[in-house]
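Source file: my_file-v5.txt (compact mmCIF, C-alpha atoms)
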# COMPACT_ATOMS: atom_id res chain seq x y z
CA MET I 1 32.77 -231.05 0.54
CA HIS I 2 36.37 -230.60 1.66
CA ARG I 3 35.82 -226.89 2.06
CA HIS I 4 32.70 -227.53 4.10
CA ILE I 5 34.60 -229.80 6.50
CA SER I 6 37.38 -227.29 6.77
CA GLU I 7 34.95 -224.47 7.64
CA GLN I 8 33.31 -226.64 10.27
CA TYR I 9 36.72 -227.46 11.66
CA GLU I 10 37.70 -223.79 11.88
CA LEU I 11 34.43 -222.95 13.61
CA GLU I 12 34.76 -225.74 16.16
CA LEU I 13 38.43 -225.09 16.81
CA SER I 14 37.81 -221.40 17.30
CA ARG I 15 35.10 -222.23 19.87
CA ILE I 16 37.56 -224.47 21.70
CA ARG I 17 40.18 -221.73 21.59
CA ASP I 18 37.63 -219.26 23.01
CA SER I 19 36.94 -221.60 25.93
CA LEU I 20 40.67 -222.02 26.42
CA MET I 21 41.08 -218.25 26.63
CA GLU I 22 38.23 -218.11 29.11
CA MET I 23 40.01 -220.75 31.18
CA GLY I 24 43.23 -218.70 30.82
CA GLY I 25 41.52 -215.56 32.14
CA LEU I 26 40.19 -217.48 35.12
CA VAL I 27 43.64 -218.95 35.84
CA GLU I 28 45.23 -215.50 35.68
CA GLN I 29 42.68 -214.17 38.18
CA GLN I 30 43.36 -217.13 40.46
CA VAL I 31 47.08 -216.36 40.53
CA ILE I 32 46.43 -212.66 41.24
CA ASN I 33 43.92 -213.42 44.01
CA ALA I 34 46.03 -216.15 45.63
CA CYS I 35 49.06 -213.83 45.84
CA ALA I 36 46.96 -210.92 47.14
CA ALA I 37 45.49 -213.24 49.78
CA LEU I 38 48.99 -214.24 50.89
CA ILE I 39 50.42 -210.71 50.95
CA ASP I 40 47.38 -209.14 52.67
CA HIS I 41 46.79 -212.06 55.08
CA ASP I 42 43.29 -212.30 53.64
CA GLY I 43 42.00 -215.76 54.55
CA GLU I 44 38.58 -215.12 53.04
CA LEU I 45 40.02 -214.34 49.59
CA ALA I 46 42.24 -217.43 49.85
CA ARG I 47 39.19 -219.59 50.52
CA GLN I 48 37.48 -218.13 47.44
CA VAL I 49 40.49 -219.14 45.33
CA ARG I 50 40.25 -222.67 46.68
CA GLU I 51 36.57 -222.85 45.76
CA VAL I 52 37.11 -221.68 42.17
CA GLU I 53 39.77 -224.40 41.69
CA SER I 54 37.11 -227.03 40.97
CA ARG I 55 35.80 -224.95 38.05
CA LEU I 56 39.25 -225.12 36.49
CA ASN I 57 39.32 -228.89 36.82
CA GLN I 58 35.96 -229.02 35.05
CA PHE I 59 37.31 -226.77 32.28
CA GLU I 60 40.23 -229.17 31.78
CA ILE I 61 38.03 -232.25 31.44
CA THR I 62 35.53 -230.57 29.10
CA LEU I 63 38.16 -228.98 26.86
CA ASP I 64 40.26 -232.14 26.62
CA ASP I 65 37.14 -233.98 25.61
CA GLN I 66 36.29 -231.43 22.92
CA CYS I 67 39.81 -231.69 21.51
CA VAL I 68 39.62 -235.47 21.26
CA SER I 69 36.21 -235.16 19.58
CA ILE I 70 37.37 -232.67 16.99
CA ILE I 71 40.35 -234.88 16.08
CA ALA I 72 38.10 -237.94 15.79
CA LYS I 73 35.40 -236.17 13.76
CA ARG I 74 37.41 -233.83 11.55
CA GLN I 75 40.66 -235.81 11.29
CA PRO I 76 42.88 -232.79 10.89
CA THR I 77 46.40 -233.16 9.51
CA ALA I 78 49.57 -231.04 9.37
CA SER I 79 49.13 -227.54 10.77
CA ASP I 80 45.45 -228.09 11.64
CA LEU I 81 46.45 -231.03 13.79
CA ARG I 82 49.30 -229.06 15.36
CA ARG I 83 46.83 -226.36 16.37
CA VAL I 84 44.55 -228.73 18.27
CA VAL I 85 47.49 -230.59 19.83
CA SER I 86 48.82 -227.23 21.08
CA VAL I 87 45.47 -226.49 22.67
CA MET I 88 45.58 -229.86 24.47
CA LYS I 89 49.05 -229.12 25.79
CA VAL I 90 48.10 -225.62 26.95
CA ILE I 91 45.05 -227.01 28.80
CA THR I 92 47.42 -229.11 30.93
CA ASP I 93 49.65 -226.12 31.65
CA LEU I 94 46.70 -223.93 32.62
CA GLU I 95 45.34 -226.58 34.92
CA ARG I 96 48.75 -226.94 36.57
CA ILE I 97 48.98 -223.16 37.02
CA GLY I 98 45.60 -223.40 38.74
CA ASP I 99 47.07 -226.06 41.05
CA GLU I 100 49.94 -223.73 41.93
CA ALA I 101 47.50 -220.88 42.68
CA ASP I 102 45.64 -223.31 44.91
CA ARG I 103 48.89 -224.11 46.74
CA ILE I 104 49.57 -220.40 47.28
CA ALA I 105 46.01 -220.03 48.62
CA LYS I 106 46.68 -222.88 51.08
CA MET I 107 49.78 -221.03 52.36
CA ALA I 108 47.70 -217.84 52.59
CA ILE I 109 45.14 -219.58 54.80
CA ARG I 110 47.92 -220.94 56.99
CA VAL I 111 49.56 -217.53 57.59
CA ALA I 112 46.31 -215.48 57.64
CA GLY I 113 46.13 -215.47 61.44
CA SER I 114 49.77 -214.58 62.07
CA GLU I 115 51.44 -211.18 62.24
CA MET I 116 54.17 -210.58 59.71
CA PRO I 117 56.04 -207.40 58.81
CA ALA I 118 55.23 -206.41 55.23
CA HIS I 119 58.90 -206.13 54.24
CA GLN I 120 59.18 -209.94 54.31
CA TYR I 121 56.97 -209.97 51.22
CA HIS I 122 59.17 -207.65 49.23
CA ASP I 123 60.80 -210.32 47.00
CA PHE I 124 57.56 -212.26 46.63
CA ARG I 125 55.65 -209.14 45.59
CA GLU I 126 58.22 -208.30 42.90
CA MET I 127 58.26 -211.86 41.61
CA HIS I 128 54.48 -212.01 41.56
CA LYS I 129 54.25 -208.86 39.42
CA ASP I 130 56.68 -210.29 36.86
CA VAL I 131 55.03 -213.72 36.74
CA VAL I 132 51.56 -212.22 36.20
CA THR I 133 52.92 -210.08 33.35
CA MET I 134 54.61 -213.13 31.83
CA LEU I 135 51.45 -215.25 32.06
CA ASN I 136 49.37 -212.48 30.54
CA GLN I 137 51.81 -212.13 27.63
CA ALA I 138 51.88 -215.91 27.16
CA LEU I 139 48.08 -216.10 26.85
CA ASP I 140 48.03 -213.05 24.61
CA SER I 141 50.69 -214.51 22.31
CA PHE I 142 48.71 -217.77 22.15
CA ALA I 143 45.47 -215.95 21.29
CA ARG I 144 47.12 -213.91 18.52
CA LEU I 145 49.66 -216.55 17.45
CA ASP I 146 52.26 -213.86 18.01
CA THR I 147 55.65 -215.60 17.87
CA GLU I 148 57.69 -212.49 18.71
CA ASN I 149 55.79 -212.01 21.93
CA ALA I 150 56.07 -215.76 22.61
CA ILE I 151 59.86 -215.54 22.32
CA ARG I 152 59.89 -212.67 24.83
CA VAL I 153 57.89 -214.86 27.22
CA ILE I 154 60.32 -217.77 26.82
CA ARG I 155 63.25 -215.47 27.56
CA ALA I 156 61.56 -213.83 30.56
CA ASP I 157 61.63 -217.17 32.37
CA GLU I 158 65.33 -216.71 33.16
CA ASP I 159 64.62 -213.49 35.08
CA ILE I 160 61.95 -215.30 37.07
CA ASP I 161 64.44 -218.02 37.96
CA ASP I 162 66.93 -215.37 39.15
CA ALA I 163 64.25 -213.62 41.21
CA TYR I 164 63.35 -216.97 42.77
CA ASP I 165 66.98 -217.66 43.75
CA LYS I 166 67.13 -214.26 45.44
CA LEU I 167 63.90 -214.93 47.36
CA ILE I 168 65.26 -218.26 48.61
CA ARG I 169 68.54 -216.69 49.73
CA ASN I 170 66.74 -213.95 51.66
CA CYS I 171 64.24 -216.33 53.26
CA THR I 172 67.00 -218.70 54.35
CA ALA I 173 68.85 -215.79 55.96
CA ALA I 174 65.60 -214.67 57.66
CA ILE I 175 65.13 -218.14 59.17
CA ARG I 176 68.68 -218.17 60.47
CA ASP I 177 68.19 -214.74 62.07
CA ASN I 178 64.77 -215.54 63.44
CA PRO I 179 64.32 -219.32 63.81
CA GLU I 180 61.11 -219.21 65.87
CA ASP I 181 59.38 -217.74 62.80
CA VAL I 182 60.36 -220.65 60.53
CA GLU I 183 56.81 -221.54 59.39
CA THR I 184 56.09 -218.13 57.90
CA SER I 185 59.43 -217.86 56.08
CA VAL I 186 58.98 -221.38 54.76
CA SER I 187 55.50 -220.43 53.53
CA ILE I 188 56.97 -217.55 51.52
CA MET I 189 59.55 -219.96 50.08
CA TRP I 190 56.84 -222.43 49.03
CA ALA I 191 54.78 -219.65 47.52
CA GLY I 192 57.85 -218.36 45.67
CA ARG I 193 58.46 -221.81 44.29
CA ALA I 194 54.83 -221.99 43.12
CA LEU I 195 55.39 -218.69 41.25
CA GLU I 196 58.58 -220.08 39.71
CA ARG I 197 56.60 -223.08 38.41
CA ILE I 198 53.90 -220.80 37.05
CA GLY I 199 56.70 -219.08 35.12
CA ASP I 200 57.73 -222.48 33.71
CA HIS I 201 54.18 -223.18 32.55
CA ALA I 202 53.91 -219.71 30.96
CA LYS I 203 57.14 -220.50 29.11
CA ASN I 204 55.61 -223.78 27.90
CA ILE I 205 52.64 -221.85 26.51
CA GLY I 206 55.07 -219.59 24.64
CA GLU I 207 56.77 -222.65 23.19
CA TYR I 208 53.46 -224.05 21.92
CA VAL I 209 52.85 -220.79 20.06
CA ILE I 210 56.10 -221.34 18.14
CA TYR I 211 55.27 -225.02 17.58
CA GLN I 212 51.86 -224.11 16.21
CA VAL I 213 53.02 -221.39 13.88
CA LYS I 214 56.36 -222.74 12.72
CA GLY I 215 55.96 -226.45 13.33
CA THR I 216 59.22 -226.59 15.26
CA ASP I 217 59.63 -227.85 18.76
CA VAL I 218 61.62 -225.32 20.76
CA ARG I 219 61.32 -227.00 24.10
CA HIS I 220 64.39 -227.75 26.20
CA GLY I 221 66.54 -224.92 24.99
CA SER I 222 66.61 -225.60 21.27
CA ASP I 223 67.42 -222.40 19.44
CA VAL I 224 64.98 -219.57 19.93
CA LYS I 225 65.75 -217.00 17.26
CA GLU I 226 63.73 -213.98 16.33
CA ASP I 227 63.08 -213.61 12.64
CA MET W 1 42.26 -252.10 2.90
CA HIS W 2 40.75 -251.06 6.23
CA ARG W 3 42.27 -254.08 7.89
CA HIS W 4 45.63 -253.25 6.41
CA ILE W 5 45.51 -249.70 7.83
CA SER W 6 44.43 -250.99 11.18
CA GLU W 7 47.32 -253.47 11.32
CA GLN W 8 49.74 -250.73 10.41
CA TYR W 9 48.25 -248.55 13.12
CA GLU W 10 48.62 -251.29 15.73
CA LEU W 11 52.22 -251.88 14.73
CA GLU W 12 53.15 -248.21 14.84
CA LEU W 13 51.30 -247.57 18.09
CA SER W 14 52.93 -250.56 19.73
CA ARG W 15 56.35 -249.22 18.69
CA ILE W 16 55.49 -245.85 20.25
CA ARG W 17 54.30 -247.60 23.41
CA ASP W 18 57.57 -249.54 23.55
CA SER W 19 59.56 -246.29 23.38
CA LEU W 20 57.30 -244.82 26.05
CA MET W 21 58.07 -247.80 28.31
CA GLU W 22 61.76 -247.34 27.62
CA MET W 23 61.41 -243.68 28.63
CA GLY W 24 59.49 -244.83 31.72
CA GLY W 25 62.30 -247.20 32.73
CA LEU W 26 64.85 -244.42 32.36
CA VAL W 27 62.70 -242.04 34.42
CA GLU W 28 62.34 -244.63 37.18
CA GLN W 29 66.10 -245.08 37.29
CA GLN W 30 66.57 -241.31 37.46
CA VAL W 31 64.31 -241.07 40.51
CA ILE W 32 66.13 -243.97 42.23
CA ASN W 33 69.58 -242.53 41.47
CA ALA W 34 68.68 -238.97 42.43
CA CYS W 35 67.35 -240.10 45.82
CA ALA W 36 70.35 -242.38 46.44
CA ALA W 37 72.66 -239.47 45.59
CA LEU W 38 70.88 -237.27 48.13
CA ILE W 39 70.79 -239.87 50.90
CA ASP W 40 74.40 -241.02 50.39
CA HIS W 41 75.81 -237.50 49.75
CA ASP W 42 77.09 -238.84 46.43
CA GLY W 43 77.77 -235.79 44.26
CA GLU W 44 79.15 -237.87 41.40
CA LEU W 45 75.93 -239.90 41.06
CA ALA W 46 73.91 -236.68 41.24
CA ARG W 47 75.91 -235.24 38.35
CA GLN W 48 75.21 -238.38 36.30
CA VAL W 49 71.47 -237.88 36.88
CA ARG W 50 71.75 -234.32 35.65
CA GLU W 51 73.51 -235.49 32.48
CA VAL W 52 70.89 -238.12 31.64
CA GLU W 53 68.15 -235.47 31.94
CA SER W 54 68.81 -234.24 28.38
CA ARG W 55 68.10 -237.74 27.02
CA LEU W 56 64.64 -237.57 28.58
CA ASN W 57 63.96 -234.24 26.93
CA GLN W 58 64.91 -235.79 23.61
CA PHE W 59 62.57 -238.72 24.28
CA GLU W 60 59.73 -236.29 24.91
CA ILE W 61 60.23 -234.39 21.67
CA THR W 62 60.64 -237.54 19.54
CA LEU W 63 57.67 -239.37 21.05
CA ASP W 64 55.37 -236.36 20.85
CA ASP W 65 56.30 -236.05 17.23
CA GLN W 66 55.57 -239.72 16.54
CA CYS W 67 52.15 -239.39 18.18
CA VAL W 68 51.23 -236.39 16.05
CA SER W 69 52.41 -238.29 12.94
CA ILE W 70 50.37 -241.37 13.70
CA ILE W 71 47.22 -239.29 14.24
CA ALA W 72 47.81 -237.41 11.00
CA LYS W 73 48.60 -240.51 8.93
CA ARG W 74 46.23 -243.09 10.41
CA GLN W 75 43.43 -240.81 11.58
CA PRO W 76 42.36 -243.04 14.45
CA THR W 77 38.95 -242.59 16.07
CA ALA W 78 37.23 -243.69 19.28
CA SER W 79 39.32 -246.04 21.42
CA ASP W 80 42.27 -245.99 18.98
CA LEU W 81 42.43 -242.24 19.32
CA ARG W 82 42.10 -242.45 23.10
CA ARG W 83 45.10 -244.76 23.19
CA VAL W 84 47.40 -242.38 21.37
CA VAL W 85 46.10 -239.36 23.32
CA SER W 86 46.89 -241.24 26.54
CA VAL W 87 50.41 -241.84 25.35
CA MET W 88 50.82 -238.11 24.67
CA LYS W 89 49.60 -237.27 28.15
CA VAL W 90 51.88 -239.83 29.79
CA ILE W 91 54.90 -238.45 27.88
CA THR W 92 54.32 -235.10 29.59
CA ASP W 93 54.04 -236.73 33.02
CA LEU W 94 57.22 -238.75 32.50
CA GLU W 95 59.14 -235.71 31.39
CA ARG W 96 57.94 -233.79 34.47
CA ILE W 97 58.98 -236.69 36.72
CA GLY W 98 62.39 -236.42 35.07
CA ASP W 99 62.42 -232.70 35.96
CA GLU W 100 61.68 -233.55 39.59
CA ALA W 101 64.50 -236.13 39.65
CA ASP W 102 66.76 -233.42 38.26
CA ARG W 103 65.68 -231.08 41.08
CA ILE W 104 66.48 -233.76 43.65
CA ALA W 105 69.90 -234.24 41.99
CA LYS W 106 70.52 -230.48 42.30
CA MET W 107 69.80 -230.67 46.04
CA ALA W 108 72.08 -233.70 46.28
CA ILE W 109 74.95 -231.75 44.71
CA ARG W 110 74.32 -228.87 47.12
CA VAL W 111 74.46 -231.06 50.26
CA ALA W 112 77.14 -233.49 49.01
CA GLY W 113 79.94 -231.64 50.79
CA SER W 114 78.17 -231.25 54.12
CA GLU W 115 77.97 -233.62 57.07
CA MET W 116 74.51 -234.76 58.03
CA PRO W 117 73.36 -237.41 60.48
CA ALA W 118 71.61 -240.21 58.60
CA HIS W 119 68.51 -240.07 60.83
CA GLN W 120 67.49 -236.81 59.17
CA TYR W 121 66.77 -238.83 56.04
CA HIS W 122 64.44 -241.25 57.75
CA ASP W 123 61.17 -239.75 56.44
CA PHE W 124 62.61 -239.06 53.03
CA ARG W 125 63.87 -242.63 52.69
CA GLU W 126 60.45 -244.07 53.57
CA MET W 127 58.68 -241.72 51.19
CA HIS W 128 61.14 -242.49 48.40
CA LYS W 129 60.51 -246.25 48.72
CA ASP W 130 56.74 -245.76 48.46
CA VAL W 131 56.96 -243.33 45.53
CA VAL W 132 59.25 -245.66 43.55
CA THR W 133 56.82 -248.55 44.11
CA MET W 134 53.92 -246.36 43.03
CA LEU W 135 55.69 -245.20 39.88
CA ASN W 136 56.65 -248.76 39.01
CA GLN W 137 53.04 -249.92 39.43
CA ALA W 138 51.78 -246.99 37.37
CA LEU W 139 54.05 -247.86 34.45
CA ASP W 140 53.22 -251.53 34.78
CA SER W 141 49.48 -250.84 34.77
CA PHE W 142 49.93 -248.65 31.69
CA ALA W 143 51.90 -251.34 29.86
CA ARG W 144 49.32 -254.04 30.65
CA LEU W 145 46.25 -251.78 30.60
CA ASP W 146 45.54 -253.16 34.05
CA THR W 147 42.77 -250.99 35.53
CA GLU W 148 42.73 -252.69 38.92
CA ASN W 149 46.38 -251.93 39.45
CA ALA W 150 45.80 -248.39 38.13
CA ILE W 151 43.12 -247.85 40.77
CA ARG W 152 45.54 -248.99 43.47
CA VAL W 153 48.07 -246.44 42.19
CA ILE W 154 45.47 -243.65 42.26
CA ARG W 155 44.58 -244.50 45.84
CA ALA W 156 48.22 -244.79 46.98
CA ASP W 157 48.67 -241.08 46.28
CA GLU W 158 46.85 -240.21 49.52
CA ASP W 159 49.44 -242.13 51.57
CA ILE W 160 52.21 -240.24 49.79
CA ASP W 161 50.53 -236.94 50.67
CA ASP W 162 50.33 -237.99 54.33
CA ALA W 163 53.99 -239.05 54.35
CA TYR W 164 54.91 -235.69 52.84
CA ASP W 165 53.01 -233.79 55.56
CA LYS W 166 54.90 -235.77 58.19
CA LEU W 167 58.25 -235.00 56.55
CA ILE W 168 57.46 -231.28 56.49
CA ARG W 169 56.44 -231.28 60.15
CA ASN W 170 59.64 -233.02 61.20
CA CYS W 171 61.89 -230.81 59.06
CA THR W 172 60.24 -227.66 60.40
CA ALA W 173 60.83 -228.87 63.95
CA ALA W 174 64.47 -229.70 63.07
CA ILE W 175 65.03 -226.16 61.77
CA ARG W 176 63.57 -224.66 64.94
CA ASP W 177 65.84 -226.84 67.09
CA ASN W 178 68.90 -226.30 64.95
CA PRO W 179 68.57 -223.06 62.95
CA GLU W 180 72.20 -222.87 61.78
CA ASP W 181 71.52 -226.02 59.75
CA VAL W 182 68.58 -224.48 57.87
CA GLU W 183 69.95 -225.12 54.35
CA THR W 184 70.16 -228.88 54.76
CA SER W 185 66.72 -229.24 56.34
CA VAL W 186 65.26 -227.06 53.62
CA SER W 187 66.95 -229.27 51.00
CA ILE W 188 65.22 -232.33 52.44
CA MET W 189 61.90 -230.45 52.36
CA TRP W 190 62.41 -229.52 48.68
CA ALA W 191 63.37 -233.09 47.85
CA GLY W 192 60.30 -234.37 49.71
CA ARG W 193 58.12 -232.02 47.75
CA ALA W 194 59.67 -233.29 44.51
CA LEU W 195 58.74 -236.84 45.59
CA GLU W 196 55.20 -235.71 46.38
CA ARG W 197 54.90 -234.30 42.85
CA ILE W 198 56.27 -237.51 41.38
CA GLY W 199 53.43 -239.26 43.23
CA ASP W 200 50.96 -236.87 41.57
CA HIS W 201 52.36 -237.69 38.13
CA ALA W 202 52.22 -241.43 38.84
CA LYS W 203 48.59 -240.95 39.81
CA ASN W 204 47.97 -239.15 36.50
CA ILE W 205 49.42 -242.16 34.65
CA GLY W 206 47.01 -244.42 36.55
CA GLU W 207 44.14 -242.18 35.50
CA TYR W 208 45.14 -242.39 31.84
CA VAL W 209 44.98 -246.19 32.07
CA ILE W 210 41.33 -245.93 33.14
CA TYR W 211 40.62 -243.33 30.45
CA GLN W 212 42.15 -245.55 27.79
CA VAL W 213 40.36 -248.71 28.78
CA LYS W 214 37.00 -247.38 29.89
CA GLY W 215 36.83 -244.07 28.08
CA THR W 216 36.00 -242.23 31.29
CA ASP W 217 37.90 -239.32 32.74
CA VAL W 218 38.57 -239.99 36.42
CA ARG W 219 40.76 -236.97 37.07
CA HIS W 220 40.01 -234.59 39.92
CA GLY W 221 38.37 -237.06 42.23
CA SER W 222 35.54 -238.33 40.07
CA ASP W 223 34.45 -241.75 41.29
CA VAL W 224 37.10 -244.44 41.22
CA LYS W 225 35.31 -247.75 41.71
CA GLU W 226 36.74 -251.19 41.39
CA ASP W 227 34.67 -253.51 39.27
What does the file become when written as structure tokens?
Amino acid sequence: MHRHISEQYELELSRIRDSLMEMGGLVEQQVINACAALIDHDGELARQVREVESRLNQFEITLDDQCVSIIAKRQPTASDLRRVVSVMKVITDLERIGDEADRIAKMAIRVAGSEMPAHQYHDFREMHKDVVTMLNQALDSFARLDTENAIRVIRADEDIDDAYDKLIRNCTAAIRDNPEDVETSVSIMWAGRALERIGDHAKNIGEYVIYQVKGTDVRHGSDVKED
Amino acid sequence: MHRHISEQYELELSRIRDSLMEMGGLVEQQVINACAALIDHDGELARQVREVESRLNQFEITLDDQCVSIIAKRQPTASDLRRVVSVMKVITDLERIGDEADRIAKMAIRVAGSEMPAHQYHDFREMHKDVVTMLNQALDSFARLDTENAIRVIRADEDIDDAYDKLIRNCTAAIRDNPEDVETSVSIMWAGRALERIGDHAKNIGEYVIYQVKGTDVRHGSDVKED
């Protein structure tokens, strides 16, 4: 009987994890599209991102509901419980990443009609590349429960923060040199901040991998050691 | 036996809820102090906010852990489970509000040395007052499981969004008129955005009150009706 329940639990949890990965793939695509829309002044692509946003919200509600159900029905304990709690936490982070992509898409719509020299996007483009890589690694480490990769993700967040500081410095200087163009520079700053937050959420996902596998909470700069 | 378990559960959950309320009170104070530090150019107060931040992180880890324990030990179902899941969700929102207060404190430290005419803070001051009221109501509705108050909190978020749009418009105009002062205007914009996010988190808390009491998920603009 116990074994039967445990098999059912594994089956149901693995279905939830599959849906979570599907949600993760969609979120990744949203970030990529939102940034492309901003860089290429592509208002149409930005509007598509905004439409897909509601699907992510639906994913969040459905997945949260499935997690609560599995806890109520299967009453997991110890590491089984940690696994489903981690899924619930990651759902929130993915949904928030979707919100940030939506914010970038809003900026993209705002600047779509304006002319802007491509070099202004240099810092944003670099930052975007690194954040997408980080998010991809975070989801991959979650899918495989790969703690080494998760630790790399957690550490990568510092580089993102540095890149963000550089973007802010350069945008501020651009506004000072060219004050009539304040809206567009401010849009790049907002979008950069959205990327910085996406980096934070990717880091959170990395931390939940460690929590799941090792049962330790490494949030807020507790020791992250490779072993 | 069942009754005994249920009494134990109630006792433990009510202890967790008390700690959550304590965390909520601390978070509220952080928001108030961070904004006062920014408005009054009080670098010392801002540094105090930044120091308290680590206590909030500790609250998050401890409370999360207690929630996982209570689920594992007491195996709650239905509305009992919803109550502890709501607490877990609110912990995350409170911790994120703490992060936003910390961001405002960072801005406050940055501008503490500079001169700035008080009128520049007009929009921020108004917005701050409304956000603090909203957060206070959100925590109060969570403590009392007061759905009517929770619905008011959810609705108040739209006013905060409008106030934020106004702040951004005025700051953008101020930068155009006075480009050498870009850093300070940008700081007010960042701080305003932090307040807007705090409003979002307060709204989330309101939504978890409804979820707890009625078992329905009202996130992402599903119907919010008074009854």
- Task: Do a neighbour search on W:Phe59 at 12 Å with all atoms listed in the file, toss out local chain neighbours closer than 6 positions, and write the hits as a PyMOL selection string.
- Result: (chain I and resi 219-220) or (chain W and resi 16+18-27+52-53+65-66+88+91-92+94-95+98)
- Minimum-distance residue to chain W, chosen among I:Glu115, I:Glu100, I:Asp162, I:Glu7 (using all atoms listed in the file): I:Glu100
- Task: Could you pull out every residue with an atom within 12 Å of (49.8, -222.0, 31.1), file coordinates, counting only C-alpha atoms, and send them as a PyMOL selection string?
- Result: chain I and resi 20-21+23-28+31+60+86-101+131-132+134-142+153+197-209
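Residues within 9 Å of stretch 39-50 of chain I, counting all atoms listed in the file and excluding same-chain residues fewer than 4 positions away, are Gln29, Gln30, Val31, Asn33, Ala34, Cys35, Ser54, Ala101, Asp102, Arg103, Ile104, Ala105, Lys106, Met107, Ala108, Ile109, Arg110, Val111, Ala112, Gly113, Ser114, Glu115, Met116, Ala118, Tyr121, Phe124 and Arg125 of chain I.
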Store the residues of this selection in a file with C-alpha atoms, as a compact mmCIF listing (two decimals), in the frame of the given file.
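Output below, filename result-v6.txt:
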# COMPACT_ATOMS: atom_id res chain seq x y z
CA GLN I 29 42.68 -214.17 38.18
CA GLN I 30 43.36 -217.13 40.46
CA VAL I 31 47.08 -216.36 40.53
CA ASN I 33 43.92 -213.42 44.01
CA ALA I 34 46.03 -216.15 45.63
CA CYS I 35 49.06 -213.83 45.84
CA SER I 54 37.11 -227.03 40.97
CA ALA I 101 47.50 -220.88 42.68
CA ASP I 102 45.64 -223.31 44.91
CA ARG I 103 48.89 -224.11 46.74
CA ILE I 104 49.57 -220.40 47.28
CA ALA I 105 46.01 -220.03 48.62
CA LYS I 106 46.68 -222.88 51.08
CA MET I 107 49.78 -221.03 52.36
CA ALA I 108 47.70 -217.84 52.59
CA ILE I 109 45.14 -219.58 54.80
CA ARG I 110 47.92 -220.94 56.99
CA VAL I 111 49.56 -217.53 57.59
CA ALA I 112 46.31 -215.48 57.64
CA GLY I 113 46.13 -215.47 61.44
CA SER I 114 49.77 -214.58 62.07
CA GLU I 115 51.44 -211.18 62.24
CA MET I 116 54.17 -210.58 59.71
CA ALA I 118 55.23 -206.41 55.23
CA TYR I 121 56.97 -209.97 51.22
CA PHE I 124 57.56 -212.26 46.63
CA ARG I 125 55.65 -209.14 45.59
- Query: Do you have the atom CA of W:Ala191-atom CA of I:Ala194 distance handy?
  - Reply: 14.8 Å
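From atom CA of W:Asn170 back to atom CA of W:Leu38, the distance works out to 17.8 Å.
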- Note on the structure: atom CA of I:Gly192 sits from atom CA of W:Ile160 at a separation of 23.0 Å
